[in-house]
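Novice: Would you mind keeping the following structure in view while I ask a few things?
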Amino acid sequence: MNEWVGEDFPCLLIKSDIETTNIIWLNPFAYDYLGLKKPVEAKIANIVSKASLIFYESYIKPIILANGKYLEVQITLISEGGRRVPAVANLTLSDNIVYWAIYVAKERDKLYQELLEARDLLEKKTEELTAVSRKDSLTPLLNRRAAKDDINVLITQSSRAFFPLSFLLLDIDFFKDINDTFGHDEGDKVLVALSNLLLKQVRETDVVARWGGEEFLIVLYNANIESIKSFSDRLHNAIETIVLPNGNPLTVSIGGAVLEQDELKESDVIAAQLLKADKALYSAKDNQRAHTRIFDKEKGFIRL
Amino acid sequence: MQPSHNVEARNNVTIHGSGDKVIMLAHGFGCDQKMWRHLLPYLDKQYKVILFDYVGCGSSDYSAYNKQRYSTLKGYAQDVLDICEELSLEDVIFVGHSVSSMIGMHAAIQSPHIFSKLAMICPSPCFLNFPPEYEGGFDKEDLEELINLMDKNYVGWANYLAPLVMGQDNDAALTQELETSFCSTDPKYAKPFAKATFFADDRAMLSKLSLPTLIVQSKHDNLASTAVGEYMNQIIPNSQLKIVDAHGHCLHMTNPAIVSSIVREFVS
């Protein structure tokens with residue numbers, strides 16, 4: 001008992017064997033707090049929670065083996081009577097002995113728990129706000145800004161390992177007449193119906209957005225002219241199933257452009273592709289509408 | 001056309017030594033490929049050794065992180081397969097530590113033609129208890145506490161919260177943290193890995209593993225008991241079990257000489 005004289009520090013001091021995790025020495029406070037009897041035959045596994053043990057094996061031990069120390073790590077102690085107590089430990093390693101200095105940290109743990117909850121709430125709010133800020137106000141599609149973000153991600157991927165991207169601008173034929181004849185509510189219904197249809201027709205990797213009033217942008221992932229053709233055939237057919245109040249089917253005109261590898265160097269890739277797609281769209285509009293045209297560098301406009 | 005540094009950079013692939021046989025060392029939950037630095041000197045004179053970091057660990061490309069993909073071990077197994085494909089690897093001897101043993105099993109069952117042998121260091125197909133027939137060692141509450149502890153032990157709080165509020169990229173801050181520690185508890189990446197690791201139950205897959213499999217278990221391991229090793233050895237059709245008289249869950253760090261000789265014997 002003599003060794004204990006003059007030692008009354010209110011913290012747990014422990015020495016353990018790095019290999020066997022046997023506890024080889026404790027200060028009096030640690031004895032009392034952990035409810036251990038002499039001689040001690042406990043291992044680290046007996047004085048910390050199972051979760052703390054996983055943390056010890058996955059983080060603490062590798063880190064002290066590499067760096068010789070790990071400071072301010074939170075663990076859960078199993079104290080006298082099996083109570084679980086949050087605690088903070090500083091550990092150092094020397095000659096295969098781990099030196100633990102542990103203080104009980106109930107209050108600090110409460111603070112951290114509150115911080116965690118605040119963070120989770122913040123994360124949730126951020127997620128919700130991000131989702132709202134990306135959506136078009138009327139339809140379930142992406143808005144212009146979100147579409148640009150997503151397309152830029154695709155462009156970056158394509159510049160790392162090239163795959164073609166197809167830009168399609170879609171414009172509802174005679175939309176002004178629809179609004180004027182049937183009213184704006186009906187016009188809005190058409191926009192929503194078409195948006196839902198577009199979402200069904202594209203793959204998850206494609207980008208589809210409401211680009212302007214009655215104009216939509218679709219960027220097809222890894223698609224060349226042949227795949228645009230089969231996609232646009234399907235699309236025109238599907239769109240005709242949307243019927244206007246006067247019984248006429250809805251039609252759209254589409255202008256497209258395929259992003260070539262050398263065009264990835266352009267300063268504004270999206271703007272350059274949209275310019276080509278827009279030209280093709282106007283060419284389709286000027287030629288009886290209700291079909292798709294692709295802008296091609298060599299062949300000019302190709303009617304699909 | 002296809003820049004070859006793509007997957008290599010994403011997974012921070014490093015290639016060591018040379019030899020006819022290819023050994024791929026896959027780190028477990030918690031740390032990164034630096035875990036292998038003790039074992040590497042025993043292997044790289046004889047074999048071509050491939051090291052890598054899973055996306056979300058070590059010096060991988062964090063911009064390639066996909067929450068959905070990396071919420072199950074299959075997503076991590078895809079990293080392994082991507083690397084093998086990128087480097088055109090064949091007859092790979094896959095050595096996985098802890099959860100990487102199971103990741104290797106997923107990869108080997110999905111694409112058996114890529115691998116020739118599978119070595120598992122301190123594996124467990126399931127950390128959860130399912131009494132009375134299976135004792136993984138932990139109850140659900142233990143593992144939930146672990147997730148909570150990881151949160152509380154994340155040192156980069158300010159780094160983590162700032163981008164959440166400001167909408168900035170936190171890669172730079174993360175890189176800085178990694179310079180000082182090779183184990184990251186950044187909740188964004190480490191928590192999904194922890195959940196994928198500790199809530200997995202891959203016991204039903206063991207019988208589908210046809211490759212010659214080596215199970216190296218530590219006699220006193222707090223995370224994976226020898227009983228778990230024996231259980232696996234019974235079910236995997238073509239397996240052998242070696243129990244090393246040692247302590248702890250990081251045999252490859254603490255007992256590299258023994259582990260390397262067992263692995264070398266298994267390889268040849």
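By convention here, the chains of the structure tokens are called A, B, ... in the order presented, each chain's residues are numbered starting at 1, and ligands are numbered starting at 1 in the order presented.
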At most 8 Å is the cut-off: for each residue in chain A with any atom that close to an atom of chain B, write down the nearest atom pair and the distance in Å rounded to one decimal, counting only C-alpha atoms, chain first then increasing number, as CSV.
Specialist:
residue,atom,partner,partner_atom,distance
A:Glu19,CA,B:His247,CA,5.7
A:Thr20,CA,B:His247,CA,5.6
A:Ala45,CA,B:Asn222,CA,7.6
A:Ser49,CA,B:Asp142,CA,7.7
A:Lys50,CA,B:Asp142,CA,5.9
A:Ala51,CA,B:Leu146,CA,4.6
A:Ser52,CA,B:Leu146,CA,6.8
A:Leu53,CA,B:Asn222,CA,7.3
A:Ile54,CA,B:Leu223,CA,6.6
A:Phe55,CA,B:Leu146,CA,7.1
A:Glu57,CA,B:His249,CA,6.2
A:Ser58,CA,B:Gly30,CA,5.2
A:Tyr59,CA,B:Gly30,CA,5.9
A:Pro62,CA,B:Met35,CA,7.8
A:Ile63,CA,B:Cys183,CA,7.3
A:Val73,CA,B:Asn153,CA,6.0
A:Gln74,CA,B:Asn153,CA,6.0
A:Ile75,CA,B:Leu149,CA,7.0
A:Tyr112,CA,B:Lys152,CA,6.5
A:Gln113,CA,B:Lys152,CA,7.8
A:Leu116,CA,B:Asp151,CA,7.4
A:Arg119,CA,B:Leu161,CA,7.5
A:Leu122,CA,B:Leu164,CA,7.7
A:Glu123,CA,B:Leu164,CA,7.1
A:Thr126,CA,B:Leu164,CA,7.2
A:Arg160,CA,B:Pro3,CA,6.6
A:Ala161,CA,B:Gln2,CA,5.0
A:Phe162,CA,B:Met1,CA,6.8
Novice: Find the spatial neighbours of Pro123 of chain B, counting only C-alpha atoms, within a cut-off of 12 Å - ignore same-chain residues fewer than 3 positions away - and output them as number ranges by chain.
Specialist: B: 27-29, 95-105, 118-120, 126-127, 136, 197-198, 202-203, 206, 213-218, 221-233, 241-243, 249-251
Novice: As a short mmCIF file (atom, residue, chain, number, x, y, z; two decimals) with C-alpha atoms, in the first residue's frame, please: all residues of segment 141-219 of chain A that backbone DSSP puts in strand (DSSP E or B).
Specialist:
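out_25.cif written:
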data_model
loop_
_atom_site.label_atom_id
_atom_site.label_comp_id
_atom_site.auth_asym_id
_atom_site.auth_seq_id
_atom_site.Cartn_x
_atom_site.Cartn_y
_atom_site.Cartn_z
CA LEU A 142 -33.65 19.54 -62.99
CA LEU A 165 -22.19 12.75 -75.01
CA SER A 166 -25.24 13.76 -77.03
CA PHE A 167 -26.94 17.10 -76.45
CA LEU A 168 -30.62 17.25 -77.44
CA LEU A 169 -32.70 20.41 -77.25
CA LEU A 170 -36.39 19.64 -77.34
CA ASP A 171 -39.06 22.25 -78.03
CA ILE A 172 -42.82 21.76 -77.88
CA VAL A 207 -29.37 14.37 -67.71
CA VAL A 208 -32.78 15.83 -68.41
CA ALA A 209 -33.73 19.39 -67.51
CA ARG A 210 -36.25 22.10 -68.22
CA GLU A 215 -37.66 24.01 -74.05
CA PHE A 216 -35.99 20.93 -72.57
CA LEU A 217 -32.42 19.68 -72.58
CA ILE A 218 -31.50 16.01 -72.63
CA VAL A 219 -27.89 14.90 -72.45
#
Novice: Can you tell me which residues surround Lys74 of chain B at a distance of at most 7 Å, considering only C-alpha atoms, apart from same-chain residues fewer than 2 positions away, and format the answer as a list in words?
Specialist: Thr72, Tyr76, Ala77, Gln78, Ile103 and His106 of chain B
Novice: Please provide as a ChimeraX atom specification all residues within 10 Å of Pro39 of chain A, with the sequence filter that same-chain residues fewer than 2 positions apart are discarded (counting only C-alpha atoms).
Specialist: /A:24-25,36-37,41-42
Novice: Given the selection you just returned, output its residues as a file containing C-alpha atoms, formatted as a JSON list (two decimals), in the first residue's frame.
Specialist:
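File produced: out_25.json:
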[["chain", "number", "residue", "atom", "x", "y", "z"],
["A", 24, "ILE", "CA", -0.06, -4.75, -15.78],
["A", 25, "TRP", "CA", -0.41, -1.70, -13.57],
["A", 36, "LEU", "CA", -10.80, -4.40, -9.82],
["A", 37, "LYS", "CA", -9.16, -6.52, -7.14],
["A", 41, "GLU", "CA", -5.96, -10.39, -14.20],
["A", 42, "ALA", "CA", -7.97, -8.11, -16.46]]
Novice: Using only C-alpha atoms for the distances, tell me which of B:Leu43, B:Ala9, B:Ala107, B:Ile93 is nearest to Met24 of chain B.
Specialist: B:Ile93
Novice: Give me, as a PyMOL selection string, all polymer residues having an atom no more than 10 Å from segment 254-266 of chain A, counting only C-alpha atoms and skipping those fewer than 6 positions away in the same chain.
Specialist: (chain A and resi 155-156+158-159+161-173+215-220+222-225+228+232+236+272-285+289-297+301-304) or (chain B and resi 1)
Novice: Which one is closest to Phe199 of chain B: B:Val244, B:Ile121, B:Ala257, B:Leu73? Count only C-alpha atoms.
Specialist: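 For Phe199 of chain B, the nearest of the candidates is B:Leu73.
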Novice: If you measure from atom CA of Asn67 of chain A to atom CA of Asn90 of chain A, what distance in Å do you get, rounded to one decimal?
Specialist: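 Distance reported for this atom pair: 13.0 Å.
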Novice: Can you tell me how far atom CA of Tyr33 of chain A sits from atom CA of Leu65 of chain A, in Å to one decimal?
Specialist: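 Computing it gives 27.8 Å between the two atoms.
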Novice: Excluding Ala89 of chain A and its own-chain neighbours fewer than 5 positions away, which residues fall within 7 Å of it when counting only C-alpha atoms? Please give them as a CSV table (one decimal) with N, CA and C atoms, in the first residue's frame.
Specialist:
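What ended up in out31.csv:
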chain,number,residue,atom,x,y,z
A,71,LEU,N,-3.7,10.7,-29.1
A,71,LEU,CA,-4.2,11.6,-28.0
A,71,LEU,C,-5.7,11.9,-28.1
A,72,GLU,N,-6.3,12.1,-27.0
A,72,GLU,CA,-7.7,12.5,-26.9
A,72,GLU,C,-8.7,11.6,-27.7
A,73,VAL,N,-8.6,10.3,-27.4
A,73,VAL,CA,-9.5,9.4,-28.1
A,73,VAL,C,-10.7,9.1,-27.1
A,74,GLN,N,-11.9,9.2,-27.6
A,74,GLN,CA,-13.0,8.9,-26.7
A,74,GLN,C,-13.3,7.4,-26.7
A,100,TRP,N,-1.8,4.5,-20.5
A,100,TRP,CA,-3.1,5.1,-20.7
A,100,TRP,C,-3.3,6.2,-19.6
A,101,ALA,N,-3.7,7.4,-20.0
A,101,ALA,CA,-4.1,8.4,-19.0
A,101,ALA,C,-5.6,8.7,-19.4
A,102,ILE,N,-6.5,8.3,-18.5
A,102,ILE,CA,-7.9,8.4,-18.9
A,102,ILE,C,-8.7,9.3,-17.9
A,103,TYR,N,-9.5,10.2,-18.4
A,103,TYR,CA,-10.4,10.9,-17.5
A,103,TYR,C,-11.8,10.7,-18.0
Novice: Work out how far apart atom CA of Val259 of chain B and atom CA of His38 of chain B are and give it in Å to one decimal.
Specialist: 10.5 Å
Novice: My list of candidates is B:Val80, B:Cys122, B:Ile50, B:Val55. Which is closest to Val22 of chain B when distances are computed with only C-alpha atoms?
Specialist: B:Ile50
Novice: My list of candidates is B:Ser124, B:Ser261, B:Ser268, B:Gln234. Which is closest to Asp201 of chain B when distances are computed with only C-alpha atoms?
Specialist: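 Under the stated criterion, the closest residue is B:Ser124.
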Novice: Going by DSSP on the backbone, which residues of segment 253-294 of chain A come out as alpha helix (DSSP H)? List them as number ranges by chain.
Specialist: A: 269-285
Novice: Go ahead and write the selection's residues with N, CA and C atoms as a compact mmCIF listing (two decimals), in the first residue's frame.
Specialist:
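Output saved as selection19.txt:
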# COMPACT_ATOMS: atom_id res chain seq x y z
N VAL A 269 -17.70 24.12 -73.15
CA VAL A 269 -18.14 22.95 -73.91
C VAL A 269 -19.65 22.94 -74.04
N ILE A 270 -20.34 23.24 -72.94
CA ILE A 270 -21.80 23.16 -72.96
C ILE A 270 -22.37 24.19 -73.95
N ALA A 271 -21.88 25.44 -73.87
CA ALA A 271 -22.40 26.49 -74.74
C ALA A 271 -22.17 26.12 -76.21
N ALA A 272 -21.00 25.58 -76.51
CA ALA A 272 -20.67 25.23 -77.89
C ALA A 272 -21.61 24.15 -78.42
N GLN A 273 -21.90 23.15 -77.59
CA GLN A 273 -22.80 22.07 -78.01
C GLN A 273 -24.23 22.59 -78.17
N LEU A 274 -24.63 23.46 -77.24
CA LEU A 274 -25.99 23.98 -77.30
C LEU A 274 -26.21 24.83 -78.54
N LEU A 275 -25.15 25.55 -78.93
CA LEU A 275 -25.25 26.38 -80.14
C LEU A 275 -25.53 25.49 -81.34
N LYS A 276 -24.82 24.37 -81.44
CA LYS A 276 -25.03 23.43 -82.55
C LYS A 276 -26.43 22.81 -82.48
N ALA A 277 -26.81 22.39 -81.27
CA ALA A 277 -28.12 21.75 -81.10
C ALA A 277 -29.23 22.73 -81.42
N ASP A 278 -29.02 24.00 -81.05
CA ASP A 278 -30.03 25.02 -81.29
C ASP A 278 -30.23 25.26 -82.79
N LYS A 279 -29.12 25.28 -83.53
CA LYS A 279 -29.20 25.43 -84.98
C LYS A 279 -30.00 24.28 -85.59
N ALA A 280 -29.71 23.07 -85.12
CA ALA A 280 -30.42 21.89 -85.63
C ALA A 280 -31.90 21.97 -85.27
N LEU A 281 -32.17 22.47 -84.07
CA LEU A 281 -33.56 22.61 -83.63
C LEU A 281 -34.31 23.57 -84.56
N TYR A 282 -33.67 24.71 -84.88
CA TYR A 282 -34.35 25.67 -85.75
C TYR A 282 -34.54 25.12 -87.15
N SER A 283 -33.58 24.33 -87.58
CA SER A 283 -33.72 23.68 -88.88
C SER A 283 -34.92 22.73 -88.87
N ALA A 284 -35.12 22.01 -87.77
CA ALA A 284 -36.27 21.10 -87.66
C ALA A 284 -37.57 21.90 -87.63
N LYS A 285 -37.54 23.03 -86.88
CA LYS A 285 -38.72 23.88 -86.76
C LYS A 285 -39.12 24.44 -88.14
